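A.B. asks: Pasting entry_24.csv below, which is CSV, C-alpha atoms.
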chain,number,residue,atom,x,y,z
O,1,MET,CA,21.8,-2.0,12.4
O,2,LEU,CA,19.5,-0.4,9.9
O,3,ARG,CA,16.7,-2.7,8.6
O,4,LEU,CA,15.4,-2.1,5.1
O,5,TYR,CA,12.0,-3.4,4.2
O,6,ASP,CA,12.8,-4.0,0.6
O,7,SER,CA,11.7,-5.5,-2.7
O,8,LEU,CA,14.1,-6.2,-5.6
O,9,PRO,CA,11.8,-5.2,-8.5
O,10,SER,CA,10.8,-1.9,-6.8
O,11,GLY,CA,12.6,1.1,-8.2
O,12,ASN,CA,11.8,3.1,-5.1
O,13,ALA,CA,13.4,0.4,-2.9
O,14,TYR,CA,16.4,0.2,-5.3
O,15,LYS,CA,17.2,3.9,-4.6
O,16,VAL,CA,17.8,3.1,-1.0
O,17,ARG,CA,19.9,-0.1,-1.7
O,18,LEU,CA,22.0,1.9,-4.2
O,19,LEU,CA,22.6,4.8,-1.7
O,20,LEU,CA,23.4,2.4,1.2
O,21,SER,CA,25.9,0.7,-1.0
O,22,GLN,CA,27.5,3.9,-2.1
O,23,LEU,CA,27.7,5.3,1.4
O,24,GLU,CA,29.1,1.9,2.6
O,25,ILE,CA,26.4,1.6,5.3
O,26,PRO,CA,25.8,-1.9,6.4
O,27,PHE,CA,22.1,-2.9,6.6
O,28,GLU,CA,19.7,-5.9,7.1
O,29,ARG,CA,17.1,-6.4,4.4
O,30,VAL,CA,13.7,-7.9,4.8
O,31,ASP,CA,12.2,-9.0,1.5
O,32,VAL,CA,8.6,-8.0,1.1
O,33,ASP,CA,7.0,-9.8,-1.9
O,34,VAL,CA,5.1,-6.8,-3.2
O,35,LEU,CA,4.0,-8.6,-6.4
O,36,ALA,CA,2.4,-11.3,-4.3
O,37,GLY,CA,0.5,-8.7,-2.3
O,38,ALA,CA,2.7,-9.0,0.8
O,39,ALA,CA,2.8,-5.2,1.3
O,40,ARG,CA,-0.9,-5.1,1.8
O,41,ARG,CA,-1.0,-7.9,4.4
O,42,PRO,CA,-1.6,-7.1,8.1
O,43,GLU,CA,1.9,-8.0,9.2
O,44,PHE,CA,3.4,-5.4,6.9
O,45,LEU,CA,0.7,-2.8,7.4
O,46,ALA,CA,1.7,-2.9,11.1
O,47,VAL,CA,5.2,-1.9,10.0
O,48,ASN,CA,4.1,0.7,7.4
O,49,PRO,CA,0.3,1.6,7.3
O,50,ALA,CA,0.8,3.1,3.8
O,51,GLY,CA,1.6,-0.5,2.6
O,52,LYS,CA,4.6,0.5,0.6
O,53,VAL,CA,8.3,-0.4,0.3
O,54,PRO,CA,10.9,0.9,1.0
O,55,ALA,CA,10.6,1.5,4.7
O,56,LEU,CA,13.7,1.9,6.8
O,57,ARG,CA,13.9,0.9,10.5
O,58,LEU,CA,16.5,3.3,12.0
O,59,GLU,CA,18.8,2.4,14.9
O,60,ASP,CA,16.6,4.2,17.4
O,61,GLY,CA,13.7,1.9,16.4
O,62,SER,CA,11.7,4.5,14.5
O,63,LEU,CA,10.5,3.9,11.0
O,64,LEU,CA,11.2,6.2,8.1
O,65,THR,CA,9.2,5.8,4.8
O,66,GLU,CA,9.0,7.4,1.4
O,67,SER,CA,12.1,6.6,-0.7
O,68,ASN,CA,13.2,10.1,-1.3
O,69,ALA,CA,12.8,11.1,2.4
O,70,ILE,CA,15.0,8.1,3.2
O,71,LEU,CA,17.6,9.2,0.7
O,72,TRP,CA,17.6,12.7,2.1
O,73,TYR,CA,18.1,11.5,5.6
O,74,LEU,CA,20.8,9.0,4.9
O,75,ALA,CA,22.8,11.4,2.6
O,76,HIS,CA,22.6,14.4,4.9
O,77,GLY,CA,26.2,15.6,5.6
O,78,THR,CA,27.7,13.4,2.9
O,79,PRO,CA,29.1,14.4,-0.5
O,80,LEU,CA,25.9,13.0,-2.1
O,81,SER,CA,23.9,15.9,-0.6
O,82,PRO,CA,25.0,19.5,-1.2
O,83,ARG,CA,25.9,21.6,1.7
O,84,SER,CA,24.2,24.8,0.7
O,85,VAL,CA,20.6,25.3,1.5
O,86,ARG,CA,19.9,26.7,-2.0
O,87,MET,CA,21.4,23.6,-3.7
O,88,GLN,CA,19.6,21.3,-1.3
O,89,ALA,CA,16.4,23.0,-2.4
O,90,ASP,CA,17.3,22.2,-6.0
O,91,VAL,CA,18.0,18.5,-5.1
O,92,LEU,CA,14.5,18.4,-3.4
O,93,ARG,CA,13.0,20.2,-6.5
O,94,TRP,CA,14.1,17.3,-8.7
O,95,MET,CA,13.1,14.7,-6.1
O,96,PHE,CA,9.6,16.1,-5.9
O,97,PHE,CA,9.4,16.2,-9.7
O,98,GLU,CA,10.4,12.5,-9.7
O,99,GLN,CA,7.7,11.5,-7.3
O,100,ASN,CA,5.0,13.6,-8.9
O,101,ALA,CA,5.7,13.7,-12.7
O,102,LEU,CA,7.9,10.7,-13.5
O,103,GLU,CA,7.6,7.8,-11.0
O,104,PRO,CA,3.8,7.6,-11.0
O,105,HIS,CA,3.8,7.1,-14.7
O,106,LEU,CA,7.0,5.1,-15.4
O,107,ALA,CA,6.4,2.8,-12.5
O,108,MET,CA,2.7,2.2,-13.4
O,109,ALA,CA,3.5,1.6,-17.1
O,110,ARG,CA,6.3,-0.8,-16.0
O,111,TYR,CA,4.0,-2.6,-13.6
O,112,TYR,CA,1.3,-3.0,-16.3
O,113,LEU,CA,3.6,-4.1,-19.1
O,114,THR,CA,6.3,-6.1,-17.3
O,115,LEU,CA,5.5,-6.9,-13.7
O,116,SER,CA,1.7,-7.6,-13.7
O,117,GLY,CA,2.0,-10.6,-16.1
O,118,GLU,CA,-1.1,-9.3,-17.9
O,119,PRO,CA,0.1,-6.7,-20.3
O,120,GLU,CA,-2.8,-7.0,-22.7
O,121,ARG,CA,-5.4,-6.5,-20.0
O,122,HIS,CA,-3.7,-3.2,-19.0
O,123,ARG,CA,-2.8,-1.8,-22.4
O,124,ASP,CA,-5.0,1.3,-22.2
O,125,SER,CA,-3.8,2.2,-18.7
O,126,ALA,CA,-0.2,1.6,-19.8
O,127,LEU,CA,-0.6,3.9,-22.8
O,128,ARG,CA,-2.1,6.7,-20.7
O,129,HIS,CA,0.9,6.5,-18.3
O,130,GLN,CA,3.4,6.3,-21.1
O,131,LYS,CA,2.1,9.6,-22.5
O,132,ARG,CA,2.6,11.3,-19.1
O,133,ALA,CA,6.0,9.7,-18.7
O,134,HIS,CA,7.2,11.1,-22.0
O,135,GLU,CA,6.2,14.6,-20.8
O,136,ALA,CA,8.5,14.1,-17.7
O,137,LEU,CA,11.3,12.7,-19.8
O,138,ARG,CA,11.2,15.7,-22.1
O,139,VAL,CA,11.7,18.0,-19.0
O,140,LEU,CA,14.6,15.7,-17.9
O,141,GLU,CA,16.2,15.8,-21.4
O,142,GLN,CA,16.0,19.5,-21.7
O,143,HIS,CA,17.8,19.9,-18.3
O,144,LEU,CA,20.5,17.3,-19.1
O,145,VAL,CA,21.4,18.8,-22.5
O,146,THR,CA,23.2,21.4,-20.5
O,147,HIS,CA,24.0,19.6,-17.2
O,148,ARG,CA,26.2,16.6,-16.4
O,149,PHE,CA,24.2,15.8,-13.3
O,150,MET,CA,20.9,17.1,-12.0
O,151,VAL,CA,22.3,19.6,-9.5
O,152,ALA,CA,25.5,21.5,-9.0
O,153,GLY,CA,27.5,19.5,-11.6
O,154,ALA,CA,27.9,16.6,-9.2
O,155,TYR,CA,26.3,13.2,-8.5
O,156,THR,CA,23.8,13.6,-5.7
O,157,ILE,CA,20.7,11.8,-4.4
O,158,ALA,CA,18.7,13.7,-7.0
O,159,ASP,CA,20.4,11.6,-9.6
O,160,ILE,CA,19.8,8.4,-7.7
O,161,ALA,CA,16.1,9.3,-7.3
O,162,LEU,CA,15.6,10.0,-11.1
O,163,TYR,CA,17.8,7.1,-12.2
O,164,ALA,CA,15.8,4.4,-10.5
O,165,TYR,CA,12.8,4.3,-12.9
O,166,THR,CA,14.4,6.0,-15.9
O,167,HIS,CA,17.1,3.4,-16.4
O,168,VAL,CA,14.4,0.7,-16.7
O,169,ALA,CA,12.1,2.7,-19.0
O,170,ASP,CA,12.3,-0.1,-21.5
O,171,GLU,CA,10.3,-2.3,-19.1
O,172,ALA,CA,7.7,0.4,-19.2
O,173,GLY,CA,7.6,0.1,-23.0
O,174,ILE,CA,9.5,3.4,-23.4
O,175,GLY,CA,12.6,3.6,-25.6
O,176,LEU,CA,15.1,6.4,-24.8
O,177,ASN,CA,16.3,6.9,-28.4
O,178,GLY,CA,14.6,10.3,-28.4
O,179,TYR,CA,16.4,11.3,-25.2
O,180,PRO,CA,20.2,11.2,-26.0
O,181,ALA,CA,21.2,13.5,-23.1
O,182,VAL,CA,19.2,11.3,-20.7
O,183,GLN,CA,21.0,8.2,-22.1
O,184,ARG,CA,24.5,9.8,-21.6
O,185,TRP,CA,23.5,10.7,-18.0
O,186,LEU,CA,22.3,7.2,-17.3
O,187,ASP,CA,25.8,6.0,-18.4
O,188,ARG,CA,27.5,8.5,-16.1
O,189,VAL,CA,25.4,7.5,-13.1
O,190,ALA,CA,26.2,3.8,-13.7
O,191,LEU,CA,29.9,4.6,-13.6
O,192,GLU,CA,29.8,6.1,-10.2
O,193,PRO,CA,31.8,4.1,-7.5
O,194,GLN,CA,30.0,1.3,-5.7
O,195,HIS,CA,27.1,1.3,-8.1
O,196,VAL,CA,24.9,-1.7,-7.8
O,197,ALA,CA,22.3,-2.9,-10.4
O,198,ILE,CA,18.6,-3.0,-9.6
O,199,GLY,CA,18.4,-6.8,-9.3
O,200,GLU,CA,21.6,-7.1,-7.4
O,201,LEU,CA,21.3,-8.2,-3.8
O,202,CYS,CA,23.3,-6.2,-1.2
O,203,GLY,CA,23.0,-6.0,2.6
O,204,VAL,CA,22.3,-9.0,4.7
O,205,THR,CA,18.9,-10.6,4.0
O,206,VAL,CA,17.0,-11.6,7.2
O,207,ARG,CA,13.5,-12.7,8.0
O,208,GLY,CA,11.1,-10.0,9.3
U,1,MET,CA,12.0,41.1,-3.8
U,2,LEU,CA,10.7,37.5,-4.3
U,3,ARG,CA,8.5,37.0,-7.4
U,4,LEU,CA,5.9,34.3,-7.3
U,5,TYR,CA,4.5,32.9,-10.5
U,6,ASP,CA,1.1,32.1,-9.1
U,7,SER,CA,-2.4,31.0,-9.9
U,8,LEU,CA,-5.3,31.4,-7.4
U,9,PRO,CA,-7.1,28.1,-8.1
U,10,SER,CA,-3.9,26.0,-7.8
U,11,GLY,CA,-3.5,24.3,-4.5
U,12,ASN,CA,0.3,24.0,-5.1
U,13,ALA,CA,0.6,27.7,-5.6
U,14,TYR,CA,-1.6,28.3,-2.6
U,15,LYS,CA,0.9,26.5,-0.3
U,16,VAL,CA,3.5,29.1,-1.2
U,17,ARG,CA,1.2,32.1,-0.7
U,18,LEU,CA,0.1,30.7,2.7
U,19,LEU,CA,3.7,30.2,3.9
U,20,LEU,CA,4.9,33.6,2.6
U,21,SER,CA,2.0,35.1,4.5
U,22,GLN,CA,2.7,33.2,7.7
U,23,LEU,CA,6.4,34.1,7.5
U,24,GLU,CA,5.5,37.7,6.8
U,25,ILE,CA,7.8,37.7,3.7
U,26,PRO,CA,6.8,40.4,1.1
U,27,PHE,CA,6.6,39.2,-2.5
U,28,GLU,CA,5.4,40.2,-5.9
U,29,ARG,CA,3.0,37.9,-7.7
U,30,VAL,CA,2.6,37.3,-11.4
U,31,ASP,CA,-0.7,35.7,-12.2
U,32,VAL,CA,-0.5,32.8,-14.7
U,33,ASP,CA,-3.9,31.9,-16.0
U,34,VAL,CA,-3.4,28.1,-15.9
U,35,LEU,CA,-7.0,27.3,-16.7
U,36,ALA,CA,-6.7,29.3,-20.0
U,37,GLY,CA,-3.4,27.4,-20.9
U,38,ALA,CA,-1.0,30.2,-20.0
U,39,ALA,CA,1.4,27.9,-18.2
U,40,ARG,CA,2.0,26.0,-21.6
U,41,ARG,CA,2.7,29.2,-23.6
U,42,PRO,CA,6.3,30.0,-24.7
U,43,GLU,CA,6.6,33.0,-22.5
U,44,PHE,CA,5.9,30.9,-19.4
U,45,LEU,CA,7.9,27.9,-20.6
U,46,ALA,CA,10.9,30.2,-20.8
U,47,VAL,CA,10.4,30.8,-17.1
U,48,ASN,CA,9.7,27.2,-16.1
U,49,PRO,CA,10.2,24.5,-18.8
U,50,ALA,CA,8.0,22.1,-16.8
U,51,GLY,CA,5.1,24.5,-17.5
U,52,LYS,CA,3.8,24.5,-13.9
U,53,VAL,CA,3.0,27.0,-11.1
U,54,PRO,CA,4.2,27.8,-8.6
U,55,ALA,CA,7.7,29.0,-9.6
U,56,LEU,CA,9.6,31.4,-7.3
U,57,ARG,CA,12.2,33.9,-8.6
U,58,LEU,CA,14.6,34.3,-5.8
U,59,GLU,CA,16.5,37.5,-4.9
U,60,ASP,CA,19.6,36.2,-6.7
U,61,GLY,CA,17.6,35.9,-9.9
U,62,SER,CA,17.5,32.1,-9.8
U,63,LEU,CA,14.2,30.2,-10.2
U,64,LEU,CA,13.0,27.5,-7.7
U,65,THR,CA,10.1,25.2,-8.7
U,66,GLU,CA,8.1,22.4,-7.2
U,67,SER,CA,5.8,23.7,-4.4
U,68,ASN,CA,7.2,21.5,-1.7
U,69,ALA,CA,10.8,22.3,-2.5
U,70,ILE,CA,9.9,26.0,-2.3
U,71,LEU,CA,8.2,25.5,1.1
U,72,TRP,CA,11.3,23.7,2.4
U,73,TYR,CA,13.6,26.4,1.2
U,74,LEU,CA,11.6,29.3,2.6
U,75,ALA,CA,10.9,27.7,5.9
U,76,HIS,CA,14.5,26.6,6.5
U,77,GLY,CA,15.6,27.9,9.9
U,78,THR,CA,12.1,29.1,10.9
U,79,PRO,CA,9.7,27.5,13.5
U,80,LEU,CA,7.7,26.0,10.5
U,81,SER,CA,10.6,23.6,9.8
U,82,PRO,CA,12.0,21.4,12.6
U,83,ARG,CA,15.6,21.8,13.6
U,84,SER,CA,16.5,18.1,13.9
U,85,VAL,CA,17.5,16.2,10.8
U,86,ARG,CA,15.4,13.2,11.9
U,87,MET,CA,12.3,15.5,12.2
U,88,GLN,CA,13.1,17.2,8.9
U,89,ALA,CA,13.1,13.7,7.3
U,90,ASP,CA,9.6,13.1,8.7
U,91,VAL,CA,8.4,16.5,7.3
U,92,LEU,CA,9.8,15.4,3.9
U,93,ARG,CA,8.3,12.0,4.2
U,94,TRP,CA,4.8,13.5,4.4
U,95,MET,CA,5.6,16.0,1.7
U,96,PHE,CA,6.7,13.3,-0.7
U,97,PHE,CA,3.5,11.3,0.3
U,98,GLU,CA,1.5,14.4,-0.6
U,99,GLN,CA,3.0,14.8,-4.0
U,100,ASN,CA,2.9,11.1,-4.9
U,101,ALA,CA,-0.2,9.7,-3.3
U,102,LEU,CA,-2.6,12.6,-2.5
U,103,GLU,CA,-2.0,15.6,-4.8
U,104,PRO,CA,-2.1,13.7,-8.1
U,105,HIS,CA,-5.5,12.3,-7.3
U,106,LEU,CA,-7.2,15.1,-5.4
U,107,ALA,CA,-6.0,17.7,-7.8
U,108,MET,CA,-7.0,15.8,-10.9
U,109,ALA,CA,-10.5,14.9,-9.5
U,110,ARG,CA,-10.9,18.6,-8.5
U,111,TYR,CA,-9.8,19.7,-12.0
U,112,TYR,CA,-12.2,17.3,-13.8
U,113,LEU,CA,-15.2,18.0,-11.6
U,114,THR,CA,-14.9,21.7,-10.7
U,115,LEU,CA,-12.2,23.5,-12.8
U,116,SER,CA,-12.6,21.9,-16.3
U,117,GLY,CA,-16.1,23.1,-16.8
U,118,GLU,CA,-16.9,19.7,-18.3
U,119,PRO,CA,-17.5,17.3,-15.3
U,120,GLU,CA,-19.7,14.9,-17.3
U,121,ARG,CA,-17.0,14.4,-20.0
U,122,HIS,CA,-14.4,13.5,-17.3
U,123,ARG,CA,-16.6,11.4,-14.9
U,124,ASP,CA,-14.7,8.1,-15.4
U,125,SER,CA,-11.3,9.7,-14.9
U,126,ALA,CA,-12.6,11.6,-11.9
U,127,LEU,CA,-13.9,8.4,-10.3
U,128,ARG,CA,-10.5,6.6,-10.8
U,129,HIS,CA,-8.7,9.5,-9.1
U,130,GLN,CA,-11.3,9.7,-6.3
U,131,LYS,CA,-10.6,6.1,-5.5
U,132,ARG,CA,-6.9,6.6,-5.1
U,133,ALA,CA,-7.5,9.9,-3.2
U,134,HIS,CA,-9.5,7.9,-0.7
U,135,GLU,CA,-6.6,5.5,-0.2
U,136,ALA,CA,-4.3,8.5,0.7
U,137,LEU,CA,-7.0,10.1,3.0
U,138,ARG,CA,-7.2,6.8,4.9
U,139,VAL,CA,-3.4,7.0,5.6
U,140,LEU,CA,-3.8,10.6,6.7
U,141,GLU,CA,-6.8,9.8,8.9
U,142,GLN,CA,-4.9,6.9,10.6
U,143,HIS,CA,-2.0,9.2,11.4
U,144,LEU,CA,-4.1,12.1,12.6
U,145,VAL,CA,-6.2,10.0,15.0
U,146,THR,CA,-3.1,10.1,17.3
U,147,HIS,CA,-1.3,13.3,16.1
U,148,ARG,CA,-2.4,16.9,16.4
U,149,PHE,CA,-0.2,17.9,13.5
U,150,MET,CA,1.7,15.8,11.0
U,151,VAL,CA,5.2,16.0,12.6
U,152,ALA,CA,6.5,16.6,16.1
U,153,GLY,CA,3.2,17.8,17.5
U,154,ALA,CA,3.6,21.2,15.9
U,155,TYR,CA,2.4,23.1,12.8
U,156,THR,CA,5.0,22.7,10.0
U,157,ILE,CA,5.3,22.9,6.3
U,158,ALA,CA,4.2,19.3,6.2
U,159,ASP,CA,0.7,20.5,7.4
U,160,ILE,CA,0.7,23.3,4.8
U,161,ALA,CA,1.6,20.8,2.0
U,162,LEU,CA,-1.2,18.4,2.9
U,163,TYR,CA,-3.8,21.1,3.8
U,164,ALA,CA,-3.7,22.7,0.3
U,165,TYR,CA,-5.7,20.0,-1.6
U,166,THR,CA,-7.3,18.2,1.4
U,167,HIS,CA,-9.3,21.3,2.5
U,168,VAL,CA,-10.9,21.6,-0.9
U,169,ALA,CA,-11.6,17.8,-1.2
U,170,ASP,CA,-15.3,18.7,-1.7
U,171,GLU,CA,-14.4,20.3,-5.0
U,172,ALA,CA,-13.0,16.9,-6.0
U,173,GLY,CA,-16.3,15.4,-5.1
U,174,ILE,CA,-15.0,13.9,-1.9
U,175,GLY,CA,-16.8,14.4,1.4
U,176,LEU,CA,-14.7,14.2,4.5
U,177,ASN,CA,-17.4,12.8,6.8
U,178,GLY,CA,-15.5,9.5,6.9
U,179,TYR,CA,-12.4,11.3,8.1
U,180,PRO,CA,-13.2,13.0,11.4
U,181,ALA,CA,-9.5,13.3,12.5
U,182,VAL,CA,-8.7,14.9,9.2
U,183,GLN,CA,-11.6,17.4,9.7
U,184,ARG,CA,-10.4,18.4,13.1
U,185,TRP,CA,-6.8,18.9,11.8
U,186,LEU,CA,-8.1,21.1,9.0
U,187,ASP,CA,-9.8,23.3,11.6
U,188,ARG,CA,-6.6,23.5,13.6
U,189,VAL,CA,-4.5,24.4,10.6
U,190,ALA,CA,-7.0,27.2,9.6
U,191,LEU,CA,-6.7,28.7,13.1
U,192,GLU,CA,-2.9,29.2,12.8
U,193,PRO,CA,-1.8,32.9,12.9
U,194,GLN,CA,-1.7,34.7,9.5
U,195,HIS,CA,-3.7,32.0,7.8
U,196,VAL,CA,-5.0,33.1,4.4
U,197,ALA,CA,-7.7,31.3,2.4
U,198,ILE,CA,-7.0,29.7,-1.0
U,199,GLY,CA,-8.9,32.4,-3.0
U,200,GLU,CA,-7.4,35.3,-0.9
U,201,LEU,CA,-5.0,37.6,-2.7
U,202,CYS,CA,-1.8,38.4,-0.8
U,203,GLY,CA,1.4,39.9,-2.0
U,204,VAL,CA,1.7,42.6,-4.6
U,205,THR,CA,0.3,41.6,-8.0
U,206,VAL,CA,2.5,42.8,-10.9
U,207,ARG,CA,2.7,41.9,-14.6
U,208,GLY,CA,5.3,39.4,-15.7
How does the structure come out when it is put into structure tokens?
C.D. replies:
Amino acid sequence: MLRLYDSLPSGNAYKVRLLLSQLEIPFERVDVDVLAGAARRPEFLAVNPAGKVPALRLEDGSLLTESNAILWYLAHGTPLSPRSVRMQADVLRWMFFEQNALEPHLAMARYYLTLSGEPERHRDSALRHQKRAHEALRVLEQHLVTHRFMVAGAYTIADIALYAYTHVADEAGIGLNGYPAVQRWLDRVALEPQHVAIGELCGVTVRG
Amino acid sequence: MLRLYDSLPSGNAYKVRLLLSQLEIPFERVDVDVLAGAARRPEFLAVNPAGKVPALRLEDGSLLTESNAILWYLAHGTPLSPRSVRMQADVLRWMFFEQNALEPHLAMARYYLTLSGEPERHRDSALRHQKRAHEALRVLEQHLVTHRFMVAGAYTIADIALYAYTHVADEAGIGLNGYPAVQRWLDRVALEPQHVAIGELCGVTVRG
């Protein structure tokens, strides 16, 4: 069975839980208490030297890391990944955009303001990241004004990747009132079959 | 013919020039003077609303953006992209790592210290990014101690993606003396057939 090294607050880990749920793939989950520093301890670094969740132990025993690479692998050949190479490239385009322009800033601002427990201490850093997150949200808004989903008019792993941190933008101190197309898209994504919420446990929790 | 919206100093644009050269694919290049702000002017935003190079106009007239998505698309079905889905996932794993953990920090430190022309003004920001770049380089070093190339023992687009900014780490104020396996890998990458240097023009330069 697949084993997911997971953390409930992590948007990156949530992407994988959401996809596994929607593909109805059973999995074991090992909770890594990232906020308590467990991802940087030797026992987890032995699993993933990059010290990050999610990490997925595949059935052949090998480990796959990086949330969007995991999504791509699990969705390959399913309706959540387009068949055409050209469309797959567009899916990847948005997934790289997510990891480069959106996630670093939304995730850091969210960490500083909500997860760190010391929002005042990190206010300047949070502001810097919010500014960059707004740049990414403007690109997203511009695309979604004329598109129901990110690629090919259908729900794909590109939507899952971008949804993960965007739908908790309020926890990064970012309101989405200025992004009405993004808001409507978030609603559409949440209506997809087998959707699970970010804090919702799924899979079978085991010890590492 | 393919048309590449390009910029010689950009490591992300360099990835695409290098791959096009190694695949012997002819292309036109349109130079976008990113350092002079040309990527943020209306005429380029009409091409790519994200205001970034590289952007590739394909033969069907559609535009593909995000350097690593372009690499993936161009290399599909060639020896620079593995055939197996599992290996392709590992290629993507390292390409997402590059865009999330390495490029944002190496590229920004390089911009602040070398390209901005105002290194003193940006010293604090550069230091912050250097610290994070070192974290990524440690992950790279640990992998390359036991691997000749990033994935499957062979040169792939994962190597191209990671090479682009790593080989100019000195311009980001980062020496690679502490990363001997990375240095040996850089040498191996540069010895691949049809390698071109970052400042080396290739393709046919045209006006936009």
A.B. asks: Residues of chain O that approach chain U to 10 Å or less, counting only C-alpha atoms: could you list each one with the shortest pair of atoms and its distance in Å to one decimal, rows by chain and increasing residue number, as CSV?
C.D. replies:
residue,atom,partner,partner_atom,distance
O:Asn48,CA,U:Val139,CA,10.0
O:Pro49,CA,U:Val139,CA,6.8
O:Ala50,CA,U:Val139,CA,6.0
O:Gly51,CA,U:Val139,CA,9.5
O:Leu58,CA,U:Arg86,CA,10.0
O:Ser62,CA,U:Arg86,CA,9.8
O:Leu63,CA,U:Asp90,CA,9.5
O:Leu64,CA,U:Asp90,CA,7.1
O:Thr65,CA,U:Arg93,CA,6.3
O:Glu66,CA,U:Arg93,CA,5.4
O:Ser67,CA,U:Arg93,CA,8.2
O:Asn68,CA,U:Phe96,CA,7.3
O:Ala69,CA,U:Arg93,CA,4.9
O:Ile70,CA,U:Ala89,CA,7.2
O:Leu71,CA,U:Ala89,CA,9.2
O:Trp72,CA,U:Ala89,CA,6.9
O:Tyr73,CA,U:Ala89,CA,5.7
O:Leu74,CA,U:Ala89,CA,9.3
O:His76,CA,U:Val85,CA,8.0
O:Val85,CA,U:Tyr73,CA,7.1
O:Arg86,CA,U:Tyr73,CA,7.1
O:Met87,CA,U:Tyr73,CA,9.6
O:Gln88,CA,U:Tyr73,CA,8.3
O:Ala89,CA,U:Ala69,CA,5.6
O:Asp90,CA,U:Leu64,CA,7.0
O:Val91,CA,U:Ala69,CA,8.5
O:Leu92,CA,U:Ala69,CA,5.5
O:Arg93,CA,U:Ala69,CA,5.0
O:Trp94,CA,U:Glu66,CA,8.0
O:Met95,CA,U:Phe96,CA,8.5
O:Phe96,CA,U:Phe96,CA,6.6
O:Phe97,CA,U:Glu66,CA,6.8
O:Glu98,CA,U:Asn100,CA,9.0
O:Gln99,CA,U:Asn100,CA,5.4
O:Asn100,CA,U:Asn100,CA,5.2
O:Ala101,CA,U:Asn100,CA,8.7
O:Leu102,CA,U:Asn100,CA,10.0
O:Glu103,CA,U:Asn100,CA,8.4
O:Pro104,CA,U:Asn100,CA,7.1
O:Glu135,CA,U:Ala50,CA,8.7
O:Ala136,CA,U:Ala50,CA,8.1
O:Arg138,CA,U:Ala50,CA,8.9
O:Val139,CA,U:Ala50,CA,5.9
O:Leu140,CA,U:Ala50,CA,9.3
O:Gln142,CA,U:Pro49,CA,8.2
O:His143,CA,U:Pro49,CA,8.9
A.B. asks: Determine, counting all atoms listed in the file, every residue of protein, DNA or RNA that lies within 7 Å of (9.2, -1.9, -9.8) in the file coordinates, then give the result as number ranges by chain.
C.D. replies: O: 9-11, 107, 110-111
A.B. asks: Could you please take those selected residues and save C-alpha atoms as a tab-separated table (two decimals), keeping the file's coordinate frame?
C.D. replies:
chain	number	residue	atom	x	y	z
O	9	PRO	CA	11.80	-5.20	-8.50
O	10	SER	CA	10.80	-1.90	-6.80
O	11	GLY	CA	12.60	1.10	-8.20
O	107	ALA	CA	6.40	2.80	-12.50
O	110	ARG	CA	6.30	-0.80	-16.00
O	111	TYR	CA	4.00	-2.60	-13.60
A.B. asks: Counting all atoms listed in the file, which residue out of O:Val206, O:Ala161, O:Ser7, O:Leu191 sits closest to Ala36 of chain O?
C.D. replies: O:Ser7
A.B. asks: Please list as a PyMOL selection string every residue within 6 Å of Phe27 of chain O, counting only C-alpha atoms and excluding residues in the same chain fewer than 6 positions away.
C.D. replies: chain O and resi 1-3+203
A.B. asks: Extract, using all atoms listed in the file, all DNA, RNA and protein residues at most 9 Å from segment 21-26 of chain U, discarding same-chain residues fewer than 5 positions from it, and format them as a list in words.
C.D. replies: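 Answer for this query is Met1, Leu2, Val16, Leu74, Ala75, Thr78, Leu80, Glu192, Pro193, Gln194, His195, Val196, Cys202, Gly203 and Val204 of chain U.
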A.B. asks: So which one's closest to Glu59 of chain U, U:Ile157, U:Val182, U:Ala190, U:Leu4? Using only C-alpha atoms, please.
C.D. replies: U:Leu4
A.B. asks: For Val53 of chain U, work out the shell of residues within 7 Å, counting all atoms listed in the file and skipping chain neighbours fewer than 6 positions away, then give it as a ChimeraX atom specification.
C.D. replies: /U:5-7,13
A.B. asks: Kindly give the distance, in Å, that separates atom CA of Gly173 of chain O and atom CA of Arg128 of chain U, rounded to a single decimal.
C.D. replies: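 Spanning atom CA of Gly173 of chain O to atom CA of Arg128 of chain U is a straight-line distance of 22.8 Å.
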A.B. asks: Given 8 Å of margin on each side, can you work out the centre and size in Å (one decimal) of an axis-aligned box holding every listed atom of segment 77-92 of chain U, as JSON?
C.D. replies:
{"center_x": 12.6, "center_y": 21.1, "center_z": 8.9, "size_x": 25.8, "size_y": 32.0, "size_z": 26.0}
A.B. asks: Mind giving me the straight-line distance from atom CA of Met108 of chain U to atom CA of Gly117 of chain O in Å, one decimal?
C.D. replies: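 Taking atom CA of Met108 of chain U and atom CA of Gly117 of chain O, their separation equals 28.4 Å.
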A.B. asks: Could you jot down the atom CA of Asp187 of chain U to atom CA of Arg148 of chain U separation for me, Å, one decimal place?
C.D. replies: 10.9 Å
A.B. asks: Of the candidates U:Tyr14, U:Trp185, U:Phe44, U:Tyr165, which shows the shortest atom-to-atom distance to His105 of chain U, using only C-alpha atoms?
C.D. replies: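 Between U:Tyr14, U:Trp185, U:Phe44, U:Tyr165, the residue approaching His105 of chain U most closely is U:Tyr165.
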